[in-house]
Every structure is written in structure tokens, then in C-alpha cells.
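J.: Take a look at input25.tsv, TSV, C-alpha atoms and all ligand atoms:
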```tsv
chain	number	residue	atom	x	y	z
A	1	MET	CA	69.81	107.96	138.12
A	2	ALA	CA	72.72	109.03	135.95
A	3	ASN	CA	76.06	107.39	136.66
A	4	GLU	CA	78.83	109.47	138.12
A	5	LEU	CA	81.05	110.03	135.09
A	6	VAL	CA	84.80	109.80	135.43
A	7	ARG	CA	86.26	111.27	132.24
A	8	GLY	CA	88.03	108.61	130.19
A	9	GLY	CA	86.64	105.82	132.35
A	10	ILE	CA	85.65	102.37	131.06
A	11	THR	CA	81.96	101.63	131.54
A	12	ALA	CA	80.02	98.38	131.15
A	13	ALA	CA	77.61	98.85	128.24
A	14	THR	CA	74.37	98.70	130.22
A	15	PRO	CA	71.26	100.33	128.69
A	16	GLU	CA	71.77	103.27	131.11
A	17	ALA	CA	75.40	103.69	130.01
A	18	VAL	CA	74.39	103.55	126.35
A	19	ALA	CA	71.74	106.24	126.95
A	20	GLN	CA	74.33	108.34	128.74
A	21	ALA	CA	76.74	107.89	125.80
A	22	ALA	CA	74.02	109.07	123.38
A	23	ASP	CA	73.51	112.18	125.54
A	24	LEU	CA	77.25	112.86	125.51
A	25	LEU	CA	77.26	112.60	121.70
A	26	ARG	CA	74.32	115.02	121.54
A	27	ALA	CA	76.32	117.42	123.71
A	28	GLY	CA	79.17	117.28	121.18
A	29	ASP	CA	81.50	115.10	123.26
A	30	LEU	CA	83.53	112.00	122.28
A	31	VAL	CA	82.86	108.37	123.26
A	32	GLY	CA	85.00	105.22	122.87
A	33	LEU	CA	82.84	102.67	121.05
A	34	PRO	CA	83.33	98.94	120.41
A	35	THR	CA	82.64	97.61	116.92
A	36	GLU	CA	83.23	94.14	115.49
A	37	THR	CA	86.38	95.41	113.72
A	38	VAL	CA	88.22	97.77	116.10
A	39	TYR	CA	87.16	100.35	118.71
A	40	GLY	CA	86.01	103.67	117.30
A	41	LEU	CA	86.24	107.25	118.57
A	42	ALA	CA	82.62	108.32	118.21
A	43	ALA	CA	81.11	111.77	117.66
A	44	ASP	CA	77.91	113.27	116.24
A	45	ALA	CA	78.52	113.20	112.46
A	46	LEU	CA	76.30	116.26	111.91
A	47	ASN	CA	78.18	118.41	114.43
A	48	PRO	CA	81.26	120.01	112.83
A	49	GLU	CA	82.60	121.06	116.24
A	50	ALA	CA	82.44	117.47	117.49
A	51	ALA	CA	84.16	116.22	114.33
A	52	ARG	CA	86.96	118.73	114.92
A	53	ARG	CA	87.34	117.31	118.43
A	54	ILE	CA	88.01	113.88	116.90
A	55	PHE	CA	90.92	115.23	114.86
A	56	ALA	CA	92.34	117.01	117.91
A	57	ALA	CA	92.02	113.90	120.11
A	58	LYS	CA	93.78	111.70	117.54
A	59	ASP	CA	96.34	114.29	116.40
A	60	ARG	CA	95.00	113.46	112.95
A	61	PRO	CA	95.41	115.76	109.92
A	62	ALA	CA	92.05	117.42	109.19
A	63	ASP	CA	91.92	116.36	105.54
A	64	HIS	CA	91.61	112.64	106.36
A	65	PRO	CA	87.89	111.85	106.11
A	66	LEU	CA	85.88	109.99	108.77
A	67	ILE	CA	83.58	106.99	108.37
A	68	VAL	CA	79.95	107.68	109.29
A	69	HIS	CA	78.27	104.76	111.09
A	70	LEU	CA	74.54	104.29	110.60
A	71	PRO	CA	71.99	102.21	112.53
A	72	ASP	CA	70.71	100.64	109.29
A	73	ALA	CA	70.75	100.97	105.51
A	74	GLU	CA	67.43	102.85	105.54
A	75	GLN	CA	69.31	105.98	106.60
A	76	LEU	CA	71.59	105.86	103.51
A	77	PRO	CA	69.64	108.49	101.52
A	78	ARG	CA	70.22	111.06	104.27
A	79	TRP	CA	73.98	110.77	103.77
A	80	ALA	CA	74.55	109.82	100.13
A	81	SER	CA	73.26	111.82	97.17
A	82	SER	CA	73.35	108.89	94.80
A	83	ILE	CA	73.02	105.24	95.75
A	84	PRO	CA	74.07	102.91	92.95
A	85	LYS	CA	72.47	99.46	92.61
A	86	GLU	CA	75.76	97.88	93.60
A	87	ALA	CA	75.65	99.72	96.94
A	88	ILE	CA	72.18	98.40	97.66
A	89	ALA	CA	73.26	94.85	96.80
A	90	LEU	CA	76.35	95.12	99.01
A	91	ALA	CA	74.35	96.58	101.90
A	92	ARG	CA	71.93	93.65	101.66
A	93	ALA	CA	74.75	91.15	101.59
A	94	PHE	CA	77.14	92.55	104.19
A	95	TRP	CA	75.38	95.01	106.52
A	96	PRO	CA	75.45	95.06	109.42
A	97	GLY	CA	79.11	94.14	109.10
A	98	PRO	CA	82.72	95.07	108.31
A	99	LEU	CA	82.17	96.85	104.98
A	100	THR	CA	82.52	100.62	104.41
A	101	MET	CA	81.17	102.09	101.17
A	102	ILE	CA	82.39	105.35	99.68
A	103	LEU	CA	79.50	107.13	97.96
A	104	LYS	CA	78.79	110.62	96.65
A	105	ARG	CA	77.87	112.64	99.70
A	106	ASP	CA	74.67	114.44	100.53
A	107	PRO	CA	75.35	118.20	100.69
A	108	GLY	CA	74.29	118.17	104.38
A	109	VAL	CA	77.29	116.10	105.48
A	110	PRO	CA	79.79	118.48	107.12
A	111	ASP	CA	83.11	119.14	105.37
A	112	GLU	CA	84.82	118.29	108.65
A	113	VAL	CA	83.59	114.69	108.24
A	114	THR	CA	84.39	114.26	104.55
A	115	GLY	CA	87.71	116.06	104.63
A	116	GLY	CA	86.20	118.44	102.08
A	117	GLN	CA	85.78	115.67	99.48
A	118	ASP	CA	82.59	115.11	97.50
A	119	THR	CA	82.21	111.60	98.91
A	120	VAL	CA	81.37	110.06	102.29
A	121	GLY	CA	82.33	106.72	103.87
A	122	LEU	CA	79.35	104.82	105.31
A	123	ARG	CA	79.09	101.66	107.38
A	124	VAL	CA	76.47	99.83	109.47
A	125	PRO	CA	78.42	98.03	112.21
A	126	ALA	CA	77.26	94.70	113.65
A	127	HIS	CA	78.54	94.89	117.22
A	128	PRO	CA	75.54	94.87	119.59
A	129	VAL	CA	76.90	97.82	121.62
A	130	ALA	CA	77.50	99.89	118.47
A	131	GLN	CA	74.01	98.95	117.29
A	132	ALA	CA	72.50	99.93	120.66
A	133	LEU	CA	74.23	103.32	120.66
A	134	LEU	CA	73.26	104.01	117.04
A	135	LYS	CA	69.62	103.15	117.80
A	136	ALA	CA	69.63	105.39	120.88
A	137	PHE	CA	71.31	108.21	118.97
A	138	ASP	CA	69.23	107.65	115.82
A	139	SER	CA	71.61	109.48	113.47
A	140	GLY	CA	75.06	109.11	111.96
A	141	ILE	CA	78.06	108.60	114.24
A	142	ALA	CA	81.47	109.57	112.85
A	143	ALA	CA	84.09	107.17	114.20
A	144	PRO	CA	87.67	106.62	113.16
A	145	SER	CA	89.68	103.96	114.97
A	146	ALA	CA	90.31	105.18	118.53
A	147	ASN	CA	94.11	105.40	118.32
A	148	ARG	CA	96.54	108.29	117.95
A	149	PHE	CA	97.19	108.99	114.26
A	150	GLY	CA	99.45	106.38	112.64
A	151	ARG	CA	99.47	104.10	115.66
A	152	ILE	CA	98.08	100.65	116.41
A	153	SER	CA	94.28	100.45	116.37
A	154	PRO	CA	92.60	99.48	119.68
A	155	THR	CA	90.77	96.17	119.99
A	156	THR	CA	89.87	96.44	123.70
A	157	ALA	CA	88.46	99.19	125.91
A	158	ALA	CA	91.76	99.27	127.84
A	159	HIS	CA	93.65	100.02	124.58
A	160	VAL	CA	91.35	103.01	123.97
A	161	GLN	CA	92.10	104.28	127.46
A	162	GLN	CA	95.85	103.91	126.85
A	163	GLU	CA	95.58	105.80	123.55
A	164	LEU	CA	93.19	108.61	124.47
A	165	GLY	CA	92.75	108.84	128.25
A	166	GLU	CA	90.66	111.86	129.20
A	167	ARG	CA	90.31	112.97	125.59
A	168	VAL	CA	87.14	110.82	125.56
A	169	ALA	CA	84.19	111.41	127.88
A	170	MET	CA	83.58	107.69	128.38
A	171	ILE	CA	84.55	104.32	126.91
A	172	LEU	CA	81.83	101.72	126.43
A	173	ASP	CA	83.21	98.26	127.10
A	174	GLY	CA	82.21	95.70	124.49
A	175	GLY	CA	84.94	93.13	125.12
A	176	ALA	CA	87.67	92.24	122.62
A	177	CYS	CA	86.71	92.98	119.00
A	178	GLU	CA	85.69	89.87	117.13
A	179	LEU	CA	87.51	90.58	113.85
A	180	GLY	CA	90.43	92.68	115.06
A	181	ILE	CA	91.21	94.63	111.86
A	182	GLU	CA	89.37	97.53	110.23
A	183	SER	CA	86.53	97.19	107.74
A	184	THR	CA	87.02	96.61	104.03
A	185	ILE	CA	86.59	99.96	102.23
A	186	ILE	CA	85.07	99.89	98.75
A	187	ASP	CA	84.82	103.04	96.68
A	188	LEU	CA	81.61	103.03	94.63
A	189	SER	CA	81.70	106.74	93.82
A	190	ARG	CA	83.61	106.41	90.58
A	191	SER	CA	83.20	104.41	87.38
A	192	MET	CA	85.11	101.36	88.58
A	193	PRO	CA	84.52	99.87	92.07
A	194	GLU	CA	87.82	99.86	93.92
A	195	ILE	CA	88.88	98.38	97.25
A	196	LEU	CA	90.80	101.11	99.06
A	197	ARG	CA	91.52	99.05	102.17
A	198	PRO	CA	91.35	95.24	102.37
A	199	GLY	CA	89.48	93.70	105.30
A	200	ALA	CA	87.51	90.65	106.39
A	201	ILE	CA	85.21	90.96	103.36
A	202	THR	CA	87.32	89.99	100.35
A	203	ALA	CA	87.36	91.20	96.73
A	204	ASP	CA	85.98	87.83	95.62
A	205	GLN	CA	83.06	88.05	98.05
A	206	ILE	CA	82.26	91.52	96.72
A	207	ALA	CA	82.60	90.34	93.10
A	208	ALA	CA	80.16	87.51	93.83
A	209	VAL	CA	77.54	90.10	94.85
A	210	ILE	CA	78.06	92.85	92.25
A	211	GLY	CA	78.99	90.65	89.32
A	212	ARG	CA	82.31	92.32	88.52
A	213	GLN	CA	85.76	92.22	90.07
A	214	PRO	CA	86.66	95.40	91.97
A	215	ARG	CA	90.06	96.94	91.49
A	216	VAL	CA	92.25	96.42	94.53
A	217	ARG	CA	94.63	98.98	95.96
A	218	SER	CA	96.30	97.19	98.82
A	219	ASP	CA	100.08	97.00	98.83
A	220	ALA	CA	101.91	99.51	100.98
A	221	ALA	CA	104.17	100.14	97.99
A	222	GLN	CA	101.26	100.81	95.66
A	223	ALA	CA	99.57	103.10	98.14
A	224	THR	CA	102.06	105.88	97.62
A	225	GLU	CA	101.38	105.95	93.88
A	226	PRO	CA	98.43	107.71	92.27
A	227	ALA	CA	95.56	105.25	91.72
A	228	SER	CA	94.54	105.86	88.16
A	229	ALA	CA	95.35	108.21	85.35
A	230	GLU	CA	92.37	110.49	84.91
A	231	GLU	CA	90.67	110.21	88.30
A	232	THR	CA	92.08	111.67	91.47
A	233	ALA	CA	92.27	109.07	94.17
A	234	PRO	CA	90.50	109.92	97.42
A	235	ARG	CA	92.65	110.46	100.47
A	236	VAL	CA	92.71	107.47	102.75
A	237	SER	CA	94.82	107.60	105.88
A	238	GLY	CA	94.75	103.79	106.01
A	239	ALA	CA	96.42	103.93	102.61
A	240	LEU	CA	99.48	105.70	103.91
A	241	ALA	CA	102.51	103.45	103.56
A	242	ALA	CA	103.24	103.92	107.26
A	243	HIS	CA	100.36	103.15	109.65
A	244	TYR	CA	99.25	100.83	112.46
A	245	ALA	CA	102.79	101.16	113.72
A	246	PRO	CA	104.63	100.11	116.88
A	247	ARG	CA	107.42	102.34	118.20
A	248	THR	CA	109.91	99.48	118.16
A	249	PRO	CA	111.43	98.87	114.70
A	250	LEU	CA	109.58	95.96	113.07
A	251	ARG	CA	110.94	93.78	110.25
A	252	LEU	CA	109.09	91.16	108.25
A	253	VAL	CA	111.20	88.08	107.56
A	254	GLU	CA	110.36	84.98	105.49
A	255	ALA	CA	110.10	81.88	107.69
A	256	PRO	CA	113.24	80.12	106.41
A	257	ALA	CA	115.37	83.17	107.22
A	258	LEU	CA	113.82	83.96	110.60
A	259	ALA	CA	115.97	81.80	112.88
A	260	GLY	CA	119.13	83.09	111.16
A	261	GLU	CA	118.08	86.75	111.43
A	262	TRP	CA	117.25	86.23	115.06
A	263	ALA	CA	120.64	84.65	115.85
A	264	GLN	CA	122.43	87.45	113.95
A	265	SER	CA	120.57	90.19	115.78
A	266	LEU	CA	121.33	88.55	119.13
A	267	ALA	CA	125.00	88.30	118.17
A	268	ALA	CA	124.90	92.03	117.39
A	269	GLY	CA	123.78	92.63	120.98
A	270	LEU	CA	120.16	93.52	120.16
A	271	ARG	CA	117.23	92.58	122.35
A	272	VAL	CA	114.91	90.87	119.90
A	273	ALA	CA	111.24	89.91	120.16
A	274	VAL	CA	109.89	87.46	117.60
A	275	LEU	CA	106.35	86.92	116.32
A	276	ALA	CA	106.45	83.53	114.62
A	277	ARG	CA	103.59	81.63	113.06
A	278	THR	CA	104.75	78.34	111.53
A	279	LEU	CA	108.23	78.39	113.01
A	280	ALA	CA	108.81	76.85	116.46
A	281	LYS	CA	110.96	78.53	119.07
A	282	PRO	CA	114.61	77.46	118.85
A	283	GLU	CA	115.88	75.22	121.69
A	284	GLN	CA	118.65	77.44	122.96
A	285	GLY	CA	118.88	81.16	123.58
A	286	SER	CA	116.62	83.39	125.59
A	287	VAL	CA	114.21	85.42	123.53
A	288	HIS	CA	110.76	86.97	123.73
A	289	TRP	CA	109.19	84.53	121.28
A	290	GLN	CA	105.50	84.68	120.57
A	291	GLN	CA	103.59	82.13	118.54
A	292	ALA	CA	100.80	83.63	116.39
A	293	PRO	CA	97.70	81.68	115.31
A	294	LEU	CA	98.04	79.60	112.14
A	295	TYR	CA	94.80	80.74	110.53
A	296	ALA	CA	94.10	84.18	109.09
A	297	THR	CA	90.92	85.00	111.03
A	298	ALA	CA	92.49	84.12	114.40
A	299	TYR	CA	95.70	85.92	113.40
A	300	ALA	CA	93.72	89.09	112.58
A	301	HIS	CA	91.78	88.84	115.84
A	302	ASP	CA	95.01	88.86	117.89
A	303	LEU	CA	97.21	91.05	115.68
A	304	TYR	CA	96.91	94.52	117.23
A	305	ALA	CA	96.92	93.30	120.85
A	306	THR	CA	100.01	91.23	120.05
A	307	LEU	CA	101.77	94.20	118.43
A	308	ARG	CA	101.02	96.25	121.55
A	309	ASP	CA	102.47	93.52	123.80
A	310	LEU	CA	105.57	93.16	121.64
A	311	ASP	CA	106.01	96.93	121.57
A	312	ALA	CA	105.94	96.93	125.38
A	313	ALA	CA	108.43	94.05	125.68
A	314	GLY	CA	111.43	96.39	125.80
A	315	ALA	CA	113.00	94.98	122.63
A	316	ASP	CA	115.25	96.85	120.19
A	317	LEU	CA	113.82	94.96	117.24
A	318	LEU	CA	110.65	93.03	116.38
A	319	LEU	CA	111.06	90.22	113.85
A	320	VAL	CA	107.75	89.06	112.39
A	321	GLU	CA	107.38	85.93	110.26
A	322	ALA	CA	106.12	86.99	106.82
A	323	LEU	CA	102.65	85.77	105.82
A	324	PRO	CA	101.52	83.62	102.90
A	325	PRO	CA	100.87	85.49	99.61
A	326	THR	CA	97.28	84.20	99.36
A	327	ALA	CA	93.99	86.14	99.26
A	328	GLU	CA	92.83	85.13	102.75
A	329	TRP	CA	95.94	86.80	104.22
A	330	ARG	CA	95.66	89.98	102.15
A	331	ALA	CA	94.18	92.21	104.88
A	332	VAL	CA	96.64	91.25	107.64
A	333	ARG	CA	99.55	91.36	105.19
A	334	ASP	CA	98.47	94.90	104.34
A	335	ARG	CA	98.40	95.96	108.03
A	336	LEU	CA	101.74	94.33	108.86
A	337	GLY	CA	103.41	95.88	105.81
A	338	ARG	CA	102.33	99.35	106.93
A	339	ALA	CA	103.22	98.60	110.56
A	340	ALA	CA	106.75	97.74	109.41
A	341	ALA	CA	106.97	100.89	107.28
A	342	GLY	CA	105.84	103.15	110.14
A	343	SER	CA	107.69	101.44	112.98
A	344	GLY	CA	110.55	102.84	114.98
A	345	GLU	CA	109.65	106.53	114.98
A	346	GLN	CA	110.50	108.18	118.25
A	347	ASP	CA	107.71	110.65	118.79
A	348	GLU	CA	106.39	112.09	122.00
A	349	THR	CA	102.73	111.03	121.87
B	401	LIG	O1	86.45	99.18	110.86
B	401	LIG	C1	86.49	100.40	110.68
B	401	LIG	O2	86.29	100.91	109.57
B	401	LIG	C2	86.76	101.28	111.90
B	401	LIG	C3	85.58	101.14	112.87
B	401	LIG	C4	85.69	102.06	114.04
B	401	LIG	O3	84.39	101.32	112.16
B	401	LIG	N1	86.97	102.63	111.52
B	401	LIG	C5	88.11	103.04	110.90
B	401	LIG	O4	88.18	104.41	110.71
B	401	LIG	O5	88.99	102.28	110.56
B	401	LIG	P1	89.54	105.16	110.31
B	401	LIG	O6	89.20	106.60	110.25
B	401	LIG	O7	90.63	104.76	111.23
B	401	LIG	O8	89.81	104.68	108.88
B	401	LIG	C6	88.86	105.04	107.90
B	401	LIG	C7	89.52	105.18	106.59
B	401	LIG	C8	90.52	106.31	106.56
B	401	LIG	O9	91.69	105.81	105.95
B	401	LIG	C9	89.84	107.36	105.72
B	401	LIG	O10	90.75	108.13	105.01
B	401	LIG	C10	88.94	106.52	104.84
B	401	LIG	O11	88.50	105.49	105.66
B	401	LIG	N2	87.80	107.27	104.36
B	401	LIG	C11	86.77	107.77	105.05
B	401	LIG	N3	85.95	108.48	104.26
B	401	LIG	C12	86.47	108.43	103.02
B	401	LIG	C13	86.11	108.97	101.76
B	401	LIG	N4	85.03	109.74	101.61
B	401	LIG	N5	86.90	108.70	100.70
B	401	LIG	C14	88.00	107.93	100.84
B	401	LIG	N6	88.40	107.40	102.00
B	401	LIG	C15	87.65	107.64	103.09
B	402	MG	MG	92.48	104.12	111.73
```
Translate the structure described by the file into C-alpha cells.
T.:
Amino acid sequence: MANELVRGGITAATPEAVAQAADLLRAGDLVGLPTETVYGLAADALNPEAARRIFAAKDRPADHPLIVHLPDAEQLPRWASSIPKEAIALARAFWPGPLTMILKRDPGVPDEVTGGQDTVGLRVPAHPVAQALLKAFDSGIAAPSANRFGRISPTTAAHVQQELGERVAMILDGGACELGIESTIIDLSRSMPEILRPGAITADQIAAVIGRQPRVRSDAAQATEPASAEETAPRVSGALAAHYAPRTPLRLVEAPALAGEWAQSLAAGLRVAVLARTLAKPEQGSVHWQQAPLYATAYAHDLYATLRDLDAAGADLLLVEALPPTAEWRAVRDRLGRAAAGSGEQDET
């Protein structure tokens, strides 16, 4: 018996619900899907009409390509026209998992999915619900993060509902995402491997598998510059300087300056919310003060939910303690830098 479907509703990921989600994808509709990184907005990757629905639901510019999710690496040849040895080695090492590879696309991949580029982003996710849906669907699922364009990525089913409401047919509930930030993206379509977006899988881990150090494009500042002289860089919406952004203005402040900045902002009559990590809450003064986890993996896990909470706290300003300049913090530093750059816009979505 099929479940009564309330559009935009959150559904426990039972085998029946997963089968129903696969049917909805076949019918060209959109489904909210948990992965181990963030929730995705899923559609049939071979259906151009369905891909166009993704862009409409997200208010996303049509030239920003989508990642195609596959049930396993065996399906790679259907999507990529050339599969370098390094891609095979990385798939063995990190799939299923939080790594997206950019490869030359098969001509059958719709332009709507690739943004008209000659490459395609491919990933085999590890989350059991994503795996179950991919197995039931048995083809590629295009899925960007299930947020409005430029906004904070969702890490729970409730976040997806807040972002997209009835724009999705159903939302499969897979709990809070284990990692909390988007996959590492490595471009293997050009002469030099290049990390386009840092994530849980680091440049050093990739280097250990492929035997050479990938280039890294990660700083928000760098992202606005062209990547390399003779090759045109692919378009990556995650590489926009402003992204993952709360509506409240957000400033990153080094720990030693944080208490002072906070006191100054209070004196200026601002309502301030603070996300500290190493710094303890001052004794006096009332403030929305949140303590973030000390370690990078736990920090990443909580980051987007925390930004959502802080954004809803009714503050005029968010002060966030800056993060250490080390490699393990690279991915969250990248997200926070872009969140700061994109924060404070007053738009209507
Ligand atoms: O962890 C993730 O990767 C999540 C989950 C749902 O899998 N997905 C995700 O998708 O973050 P999205 O669309 O929010 O970000 C994907 C990024 C975009 O910045 C897009 O421009 C880039 O990947 N991308 C996709 N295909 C590409 C291609 N062929 N060349 C360059 N960049 C590409
Ligand atoms: Mg995204």
C-alpha cells in the first residue's frame, strides 16, 4: 500500500518510502535526500526537465553544474568518457564517501546537469539511505545541497523542509548528517589534479593515493581569481566568495580580540551573538554565547545547524572565533570565510 503523500513532508526512510522516492524520481519529481555530508535535492540525472526543476527550486543560476550520485563505481563508464588511473585509485580508496571527482563527461549526460561544460561531477555517497535510494533507482541521481542558492546547507530533514517546503515531493529522513560539510571536490579532467572545494578528505590523503600533491583552490579570496593561465577554470558555485551564508552579518575575529570586539559592539547598542571555540564566556554581560566543539570533525558536524540557530537568535551581528590555520581546519575555514563574505544580505527568499 502506497503511503499518502503530503508534499514537502518528512518521511522515515523505510523500504516502502525509499521505493516511493524512486518512483517520484522516475516521474521527474524532486526528493530531499540525506547523505553523510549534507542533505541533497535529488532528481533523475538523465531527465533534463527534472534537472531544470532543481534549479528552479533552489533559485540557482542554470550554469552551475550538479553532482551526479552513483550507486557504485561500476557505473562510472556510463557517465565519464575517460577514466584516468588516478580516478580509479581514488574511487577504491574513498568511495563510498565524501569525495566528488570531476571527469570528462559522457556525451549522454544532459547539458542541464553539467551546466553545458565538458565535464561531470561524480560521487558515490556512503549514507545508507542514499545508498538504498540509488540501488532502488539504479541510475545517476543529480543532487546539489538542498538549500536556496547561496544559503546555509541543510544537515537535517527539518532544515530541508525550512529551505524548500513544497518544492520537494518528499523528504527522506536520515537523521543528522555525520560529517556536516560538503564533499571534497577534485578535478581530474585537466593535466594537474586540483581540489576545487576542500572537505573531509584532505589534499594529503589524496596525495597519498595518487602519488602527487593536488593543487588546492580554497581561500575565498583566491576563488574570485582565475585558476590558471592557459586553462579555463570550471564554474563551481561553492567557489563563489559568498556562500553558505546567514542573513545576519557575520564577522570572523581572532580569539584574543573577541572579548574586546564583543564589548565594543554591545557598547554600540548592537545585539551580538558569539560563536566561540577556545574562549570562555565572560563573567558579566548578557549575550547569546555559544561554545563550539574544540576539534575539527565535531566542529564541522555542528557548523551549519549552529549557523542556523545563531541566524535565528535575533542578533544584529554574529562574531565567530577565527579557526587555526592548520590543514585539518581547512574545510571549515573555507565555509566560514564564505559565510562571512555572503552574510547580511536582505533578500526575500
Ligand atoms: O557533499 C556534497 O557534495 C553534496 C551532497 C548532497 O552530495 N552536494 C553538493 O552539491 O554540495 P552542490 O551542488 O551544492 O555543490 C556542488 C559543487 C558546485 O559548486 C558545482 O559548481 C560543483 O560542485 N560542480 C559540479 N559539477 C562540476 C563540474 N563538472 N565542474 C566543476 N564543478 C562542478
Ligand atoms: Mg551547495
J.: What are the nearest atom pairs, with distances in Å to one decimal, for all residues of chain A that come at most 9 Å from ligand MG 402 (chain B), using only C-alpha atoms and all ligand atoms, set out by chain and rising residue number as a tab-separated table?
T.:
```
residue	atom	partner	partner_atom	distance
A:Val38	CA	B:MG402	MG	8.8
A:Gly40	CA	B:MG402	MG	8.5
A:Pro144	CA	B:MG402	MG	5.6
A:Ser145	CA	B:MG402	MG	4.3
A:Ala146	CA	B:MG402	MG	7.2
A:Asn147	CA	B:MG402	MG	6.9
A:Arg148	CA	B:MG402	MG	8.5
A:Phe149	CA	B:MG402	MG	7.2
A:Gly150	CA	B:MG402	MG	7.4
A:Arg151	CA	B:MG402	MG	8.0
A:Ile152	CA	B:MG402	MG	8.1
A:Ser153	CA	B:MG402	MG	6.2
A:Glu182	CA	B:MG402	MG	7.4
A:Ser237	CA	B:MG402	MG	7.2
A:Gly238	CA	B:MG402	MG	6.2
A:His243	CA	B:MG402	MG	8.2
A:Tyr244	CA	B:MG402	MG	7.6
```
J.: Here is a test: counting all atoms listed in the file, which residue of A:Thr119, A:Thr278, A:Thr11, A:Gln291 is nearest to Gln161 (chain A)?
T.: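 Closest to Gln161 (chain A) of all the choices is A:Thr11.
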J.: With all atoms listed in the file counted, collect every polymer residue having an atom within 7 Å of ligand LIG 401 (chain B); state the result as a PyMOL selection string.
T.: chain A and resi 35+37-41+64-67+98+100+102+114+117+119-121+125+143-145+181-183+185+234-239
J.: Convert the current residue selection to file output with C-alpha atoms, as a tab-separated table (two decimals), in the coordinates of the input.
T.:
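Result file follows (selection-v4.tsv):
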```tsv
chain	number	residue	atom	x	y	z
A	35	THR	CA	82.64	97.61	116.92
A	37	THR	CA	86.38	95.41	113.72
A	38	VAL	CA	88.22	97.77	116.10
A	39	TYR	CA	87.16	100.35	118.71
A	40	GLY	CA	86.01	103.67	117.30
A	41	LEU	CA	86.24	107.25	118.57
A	64	HIS	CA	91.61	112.64	106.36
A	65	PRO	CA	87.89	111.85	106.11
A	66	LEU	CA	85.88	109.99	108.77
A	67	ILE	CA	83.58	106.99	108.37
A	98	PRO	CA	82.72	95.07	108.31
A	100	THR	CA	82.52	100.62	104.41
A	102	ILE	CA	82.39	105.35	99.68
A	114	THR	CA	84.39	114.26	104.55
A	117	GLN	CA	85.78	115.67	99.48
A	119	THR	CA	82.21	111.60	98.91
A	120	VAL	CA	81.37	110.06	102.29
A	121	GLY	CA	82.33	106.72	103.87
A	125	PRO	CA	78.42	98.03	112.21
A	143	ALA	CA	84.09	107.17	114.20
A	144	PRO	CA	87.67	106.62	113.16
A	145	SER	CA	89.68	103.96	114.97
A	181	ILE	CA	91.21	94.63	111.86
A	182	GLU	CA	89.37	97.53	110.23
A	183	SER	CA	86.53	97.19	107.74
A	185	ILE	CA	86.59	99.96	102.23
A	234	PRO	CA	90.50	109.92	97.42
A	235	ARG	CA	92.65	110.46	100.47
A	236	VAL	CA	92.71	107.47	102.75
A	237	SER	CA	94.82	107.60	105.88
A	238	GLY	CA	94.75	103.79	106.01
A	239	ALA	CA	96.42	103.93	102.61
```
J.: As a list in words, please: the residues near Ala276 (chain A) (cut-off 7 Å, all atoms listed in the file, same-chain neighbours under 4 positions excluded).
T.: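 In the requested form, the answer reads Gln290, Gln291, Ala292, Val320 and Glu321 of chain A.
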J.: Which residues come within 12 Å of region 258-263 of chain A, counting all atoms listed in the file, excluding same-chain residues fewer than 3 positions away, as an NGL selection string?
T.: :A and (251-255 or 266-289 or 316-322)
J.: Give me, as a PyMOL selection string, all polymer residues having an atom no more than 6 Å from Ser81 (chain A), counting only C-alpha atoms and skipping those fewer than 2 positions away in the same chain.
T.: chain A and resi 104-106
J.: Between A:Arg26, A:His127, A:Arg190, A:His159, which has the minimum distance to Thr306 (chain A) (counting all atoms listed in the file)?
T.: A:His159
J.: Between A:Leu188, A:Pro214, A:Ser343, A:Ala208, which residue has the minimum interatomic distance to Pro246 (chain A), considering only C-alpha atoms?
T.: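 Closest candidate: A:Ser343.
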J.: Which of these residues is nearest to Glu36 (chain A), using all atoms listed in the file: A:Arg92, A:His301, A:Arg197, A:Arg52?
T.: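 Closest candidate: A:His301.
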J.: Which one of A:Ala21, A:Ala207, A:Val160, A:Ala142 sits closest to Glu86 (chain A) if you count all atoms listed in the file?
T.: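 Answer, going by the shortest atom-to-atom distance: A:Ala207.
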J.: Just give me the gap between CA of Ala298 (chain A) and CA of Thr155 (chain A) in Å, one decimal is fine.
T.: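 According to the coordinates, CA of Ala298 (chain A) and CA of Thr155 (chain A) are separated by 13.4 Å.
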J.: Which residue gives the smallest distance to Pro48 (chain A) among A:Gly108, A:Gly8, A:Gly32, A:Pro77, with all atoms listed in the file counted?
T.: A:Gly108
J.: Expressed in Å to a single decimal, how great is the separation between CA of Ser139 (chain A) and CA of Ala158 (chain A)?
T.: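 CA of Ser139 (chain A) sits 26.8 Å away from CA of Ala158 (chain A).
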